[in-house]
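Each remark here refers to the structure printed beneath this line.
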Amino acid sequence: SSTASPAPTGRTSNESEFARARKVISGGVNSPVRAFGSVGGAPRFLVSASGPYVTDVEGREYVDLVASWGPAILGHAHPEVVTAVQDAAALGLSFGATTPAETELAELVVRRLGGPRASGGLIDELRLVSTGTEATMTAIRLARGFTGRPLLVKFAGHYHGHSDGLLAAAGSGVATFGLPASAGVPEPIAEQTLVLPYNDPEAVRAAFAAHPGRIAAVIVEAAAANMGVVAPDPGYNAALASIAHEHGALLILDEVLTGFRVAPDGYWGLQKTSSAEPAYDVDLVTFGKVIGGGMPVAAVGGRSDVLEHLAPNGPVYQAGTLSGNPLAVAAGLATLRLADQETYARLDRMSGTLRAAVSEALTAAGVAHTVQSAGNLFSVLFAPEPARDYEAVQAQETFRFPPFFHAMLDRGVALPPSVYEAWFVTAAHDDRAVTRILDALPHAARAAAE
Ligand code: PLP
């Protein structure tokens, strides 16, 4: 008979759930970092989430600093977002056809990014997809189709999803598990990606000089946040744009993680208003996470003359049964409408409070560290000096993270289970949640010191 899965009975445990999952789900997880591989122990099997909290099968509640890896800027299960999804669900789960809500989301995004480009905005138009991986994959195909060139430049430690050509020296789980690349990517495909050190414009100039007329695009995280957080040096993104354009290539700015999170208009928006940052021109931009408010929406947007090359108008193919799914679009629309200036002000304040508290606790425990940040995204680097690239990030004392992580978890605070991931705050983190984090930090810092 078909019944809903049972509510936690108290008899189940994270360990037993993990053992059960491993029998029928590869590695027991549907995305690698969830497995707690680099921190050890059984992952927490979650049954519900509300505001800044998540609850596991054992009935334990944690203050969540994962926020679904970014999307939940309003906190989990915001009532207005849930209602929007419920209302959409009652009208049909998926049509595989055009809907006015998709246009509304696209209009809202273009407007929010100051567009169209002719009026100083970031994008003219976009195509909705379901995951960040699809967004970057499409952006690259589009850049190749538009320029007629084969090669792609990416940066070591940057993660753009799991399509074949983007797994070379990637961040996130690829970094967490220390993989140089992924098995299963044929050499001829891997060879089309040139991996360069981050924050080193000379390396980019040298790559263009070595491969004249062959590089289609440079793809870069707007601010790197999948090797821990490593902000671009002042002027770096602008330098990438001018080098790429000088050589007839496109710049793809990956805002999947930063977009609609670090500011209403993303990291690009932060840089646009920064006096340290020259203006720069982006050809294609990718979004994910917050744009779907916890449901599967992502997007590739940019110059209309480039986007025109997508089917049905042009020869570059891209499609999706669930693209623009009505429930997902409803969640994205509700989330973006609710995320106002006050939301971002709260995220910034929360981030500032936690950054200071982490640093204070680690200093008191005598642990050499640097809190690295980009907007409200931050992470702890277990090294005394800031890191500007993947090599420096990898040289930190990574062994300090697992005890730190588990000391936090034992005290009811869930951090991302890898030293290579950013910490995500939400606008729902309230005094009670913050107090629990502040109470846990000195214990975690002492655990990291051992
Ligand atoms: N690009 C960046 C910068 C990301 O952080 C991620 C995911 O973490 C992706 C792309 C891939 O997105 P998704 O996991 O939705 O496929």
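Here's how to read the names in the structure tokens: chain A, B, ... by the order shown, residue numbers from 1 in each chain, ligand numbers from 1 in the order shown.
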How would you write, as a PDB file with C-alpha atoms, in the first residue's frame, the set of residues no farther than 7 Å from ligand 1 when counting only C-alpha atoms and all ligand atoms?
ATOM      1  CA  TRP A  69      23.868  25.360   0.321  1.00  0.00           C
ATOM      2  CA  THR A 131      20.089  23.469 -11.806  1.00  0.00           C
ATOM      3  CA  GLY A 132      23.237  25.531 -11.652  1.00  0.00           C
ATOM      4  CA  THR A 133      25.008  22.747 -13.517  1.00  0.00           C
ATOM      5  CA  GLU A 134      22.644  23.153 -16.444  1.00  0.00           C
ATOM      6  CA  THR A 136      26.886  26.822 -16.644  1.00  0.00           C
ATOM      7  CA  TYR A 159      33.131  24.904  -8.899  1.00  0.00           C
ATOM      8  CA  HIS A 160      30.560  25.363 -11.626  1.00  0.00           C
ATOM      9  CA  GLY A 161      28.589  22.150 -11.305  1.00  0.00           C
ATOM     10  CA  HIS A 162      29.351  18.671 -12.533  1.00  0.00           C
ATOM     11  CA  SER A 172      33.229  21.935  -3.590  1.00  0.00           C
ATOM     12  CA  GLU A 221      32.757  32.442  -9.874  1.00  0.00           C
ATOM     13  CA  ALA A 225      33.092  30.243  -2.576  1.00  0.00           C
ATOM     14  CA  ASN A 226      33.602  26.560  -3.272  1.00  0.00           C
ATOM     15  CA  ASP A 254      28.958  32.435 -12.364  1.00  0.00           C
ATOM     16  CA  GLU A 255      26.604  33.943  -9.779  1.00  0.00           C
ATOM     17  CA  VAL A 256      24.905  30.633  -8.933  1.00  0.00           C
ATOM     18  CA  LEU A 257      26.040  30.936  -5.330  1.00  0.00           C
ATOM     19  CA  GLY A 288      20.854  29.168  -9.317  1.00  0.00           C
ATOM     20  CA  LYS A 289      20.058  28.561  -5.640  1.00  0.00           C
TER      21      LYS A 289
END
Open item on the list: Using only C-alpha atoms, which protein or nucleic acid residues come within 9 Å of A:Ile291? Drop anything in the same chain fewer than 2 positions from it, and give the result as an MDAnalysis selection string.
Closed with: chainID A and resid 71 105 109 256 259:260 287:289 293:299 329 331:333 335:336
Task: Contacts of A:Ala156 at 8 Å (only C-alpha atoms; same-chain gap of 2+ positions) as a VMD selection string - done: chain A and resid 154 158 168 to 171 195 to 198 389 to 390
Open item on the list: Which residues are close to stretch 366-373 of chain A, i.e. within 9 Å by only C-alpha atoms, leaving aside same-chain residues fewer than 2 positions away? Reply as an MDAnalysis selection string.
Closed with: chainID A and resid 225 228:231 355:356 358:359 361:364 375:387 396:397 400 422 445:446 448:449
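For the choices A:Gly235, A:Pro150, A:Gly173, A:Gly302, the atom-to-atom distance to A:Ala249 is smallest for A:Pro150 when using only C-alpha atoms.
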- [ ] Check the smallest atom-to-atom distance from each of A:Ser94, A:Thr353, A:Thr398, A:Gln341 to A:Arg112 using only C-alpha atoms, then report the winner.
- [x]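 Residue with the minimum atom-to-atom distance to A:Arg112: A:Gln341.
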Open item on the list: as a list in words, please: every residue in stretch 309-349 of chain A that a backbone DSSP assignment puts in alpha helix (DSSP H).
Closed with: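 Selecting the alpha helix (DSSP H) positions of stretch 309-349 of chain A gives Pro326, Leu327, Ala328, Val329, Ala330, Ala331, Gly332, Leu333, Ala334, Thr335, Leu336, Arg337, Leu338, Gln341, Glu342, Thr343, Tyr344, Ala345, Arg346, Leu347, Asp348 and Arg349 of chain A.
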I need the residues from that last selection saved to file as an mmCIF file, in the first residue's frame (with N, CA and C atoms), if you can.
data_model
loop_
_atom_site.group_PDB
_atom_site.id
_atom_site.type_symbol
_atom_site.label_atom_id
_atom_site.label_comp_id
_atom_site.auth_asym_id
_atom_site.auth_seq_id
_atom_site.Cartn_x
_atom_site.Cartn_y
_atom_site.Cartn_z
ATOM 1 N N PRO A 326 6.262 25.200 -12.737
ATOM 2 C CA PRO A 326 5.427 26.214 -12.058
ATOM 3 C C PRO A 326 5.609 26.281 -10.538
ATOM 4 N N LEU A 327 5.848 25.156 -9.875
ATOM 5 C CA LEU A 327 6.055 25.207 -8.424
ATOM 6 C C LEU A 327 7.377 25.895 -8.106
ATOM 7 N N ALA A 328 8.383 25.532 -8.898
ATOM 8 C CA ALA A 328 9.717 26.087 -8.670
ATOM 9 C C ALA A 328 9.720 27.593 -8.953
ATOM 10 N N VAL A 329 9.083 27.976 -10.028
ATOM 11 C CA VAL A 329 9.014 29.398 -10.373
ATOM 12 C C VAL A 329 8.241 30.168 -9.292
ATOM 13 N N ALA A 330 7.190 29.567 -8.757
ATOM 14 C CA ALA A 330 6.425 30.223 -7.681
ATOM 15 C C ALA A 330 7.307 30.455 -6.461
ATOM 16 N N ALA A 331 8.141 29.466 -6.130
ATOM 17 C CA ALA A 331 9.035 29.618 -4.974
ATOM 18 C C ALA A 331 10.060 30.713 -5.232
ATOM 19 N N GLY A 332 10.605 30.739 -6.444
ATOM 20 C CA GLY A 332 11.601 31.754 -6.787
ATOM 21 C C GLY A 332 11.008 33.156 -6.758
ATOM 22 N N LEU A 333 9.839 33.294 -7.355
ATOM 23 C CA LEU A 333 9.180 34.604 -7.374
ATOM 24 C C LEU A 333 8.887 35.093 -5.961
ATOM 25 N N ALA A 334 8.322 34.211 -5.144
ATOM 26 C CA ALA A 334 7.975 34.612 -3.774
ATOM 27 C C ALA A 334 9.234 34.995 -3.000
ATOM 28 N N THR A 335 10.291 34.227 -3.172
ATOM 29 C CA THR A 335 11.532 34.497 -2.445
ATOM 30 C C THR A 335 12.134 35.833 -2.859
ATOM 31 N N LEU A 336 12.231 36.048 -4.161
ATOM 32 C CA LEU A 336 12.848 37.304 -4.620
ATOM 33 C C LEU A 336 11.991 38.513 -4.233
ATOM 34 N N ARG A 337 10.661 38.339 -4.256
ATOM 35 C CA ARG A 337 9.804 39.475 -3.859
ATOM 36 C C ARG A 337 9.972 39.801 -2.387
ATOM 37 N N LEU A 338 10.180 38.771 -1.571
ATOM 38 C CA LEU A 338 10.310 38.998 -0.122
ATOM 39 C C LEU A 338 11.703 39.499 0.269
ATOM 40 N N GLN A 341 15.696 45.089 0.873
ATOM 41 C CA GLN A 341 16.932 45.670 1.427
ATOM 42 C C GLN A 341 17.154 45.242 2.876
ATOM 43 N N GLU A 342 16.058 45.177 3.649
ATOM 44 C CA GLU A 342 16.174 44.796 5.055
ATOM 45 C C GLU A 342 16.679 43.350 5.183
ATOM 46 N N THR A 343 16.253 42.483 4.272
ATOM 47 C CA THR A 343 16.738 41.100 4.281
ATOM 48 C C THR A 343 18.262 41.087 4.137
ATOM 49 N N TYR A 344 18.755 41.848 3.160
ATOM 50 C CA TYR A 344 20.202 41.844 2.921
ATOM 51 C C TYR A 344 20.947 42.509 4.067
ATOM 52 N N ALA A 345 20.327 43.531 4.653
ATOM 53 C CA ALA A 345 20.951 44.175 5.813
ATOM 54 C C ALA A 345 21.068 43.173 6.963
ATOM 55 N N ARG A 346 20.023 42.353 7.141
ATOM 56 C CA ARG A 346 20.063 41.325 8.199
ATOM 57 C C ARG A 346 21.147 40.289 7.920
ATOM 58 N N LEU A 347 21.215 39.830 6.663
ATOM 59 C CA LEU A 347 22.242 38.845 6.302
ATOM 60 C C LEU A 347 23.636 39.401 6.586
ATOM 61 N N ASP A 348 23.836 40.657 6.231
ATOM 62 C CA ASP A 348 25.150 41.279 6.442
ATOM 63 C C ASP A 348 25.477 41.389 7.937
ATOM 64 N N ARG A 349 24.471 41.801 8.726
ATOM 65 C CA ARG A 349 24.704 41.929 10.175
ATOM 66 C C ARG A 349 25.010 40.575 10.786
#
Task: All residues 8 Å or closer to A:Asn14, only C-alpha atoms, same chain fewer than 2 positions away omitted, as JSON, numbers by chain - done: {"A": [12, 16, 17, 18, 42, 43, 44, 45, 56, 57, 58]}
Open item on the list: My list of candidates is A:Thr147, A:Asp340, A:Met137, A:Glu125. Which is closest to A:Leu167 when distances are computed with only C-alpha atoms?
Closed with: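 The answer is A:Met137, which sits nearest to A:Leu167.
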TODO: Quick one: everything within 10 Å of A:Tyr280, counting only C-alpha atoms, minus sequence neighbours fewer than 5 positions away in the same chain. Send it as a list of chain:residue names.
DONE: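 Here the qualifying residues turn out to be A:Leu122, A:Gly235, A:Asn237, A:Ala238, A:Ala239, A:Leu240, A:Ala241, A:Ser242, A:Trp268, A:Gln271, A:Lys272.
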May I have the selected residues written with C-alpha atoms, as a JSON list (two decimals), in the first residue's frame?
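For reference, selection.json as written:
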[["chain", "number", "residue", "atom", "x", "y", "z"],
["A", 122, "LEU", "CA", 23.67, 43.03, -16.18],
["A", 235, "GLY", "CA", 39.92, 44.82, -10.28],
["A", 237, "ASN", "CA", 36.91, 40.42, -12.51],
["A", 238, "ALA", "CA", 37.27, 43.61, -14.53],
["A", 239, "ALA", "CA", 40.68, 42.45, -15.77],
["A", 240, "LEU", "CA", 39.18, 39.12, -16.86],
["A", 241, "ALA", "CA", 36.52, 40.96, -18.82],
["A", 242, "SER", "CA", 38.99, 43.19, -20.60],
["A", 268, "TRP", "CA", 28.29, 42.05, -9.62],
["A", 271, "GLN", "CA", 31.28, 45.44, -7.19],
["A", 272, "LYS", "CA", 29.30, 47.95, -9.22]]
Task: Among the residues A:Asp64, A:Asp283, A:Glu15, A:Glu107, the one that comes closest to A:Ile219 [using only C-alpha atoms] - done: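 The answer is A:Asp283, which sits nearest to A:Ile219.
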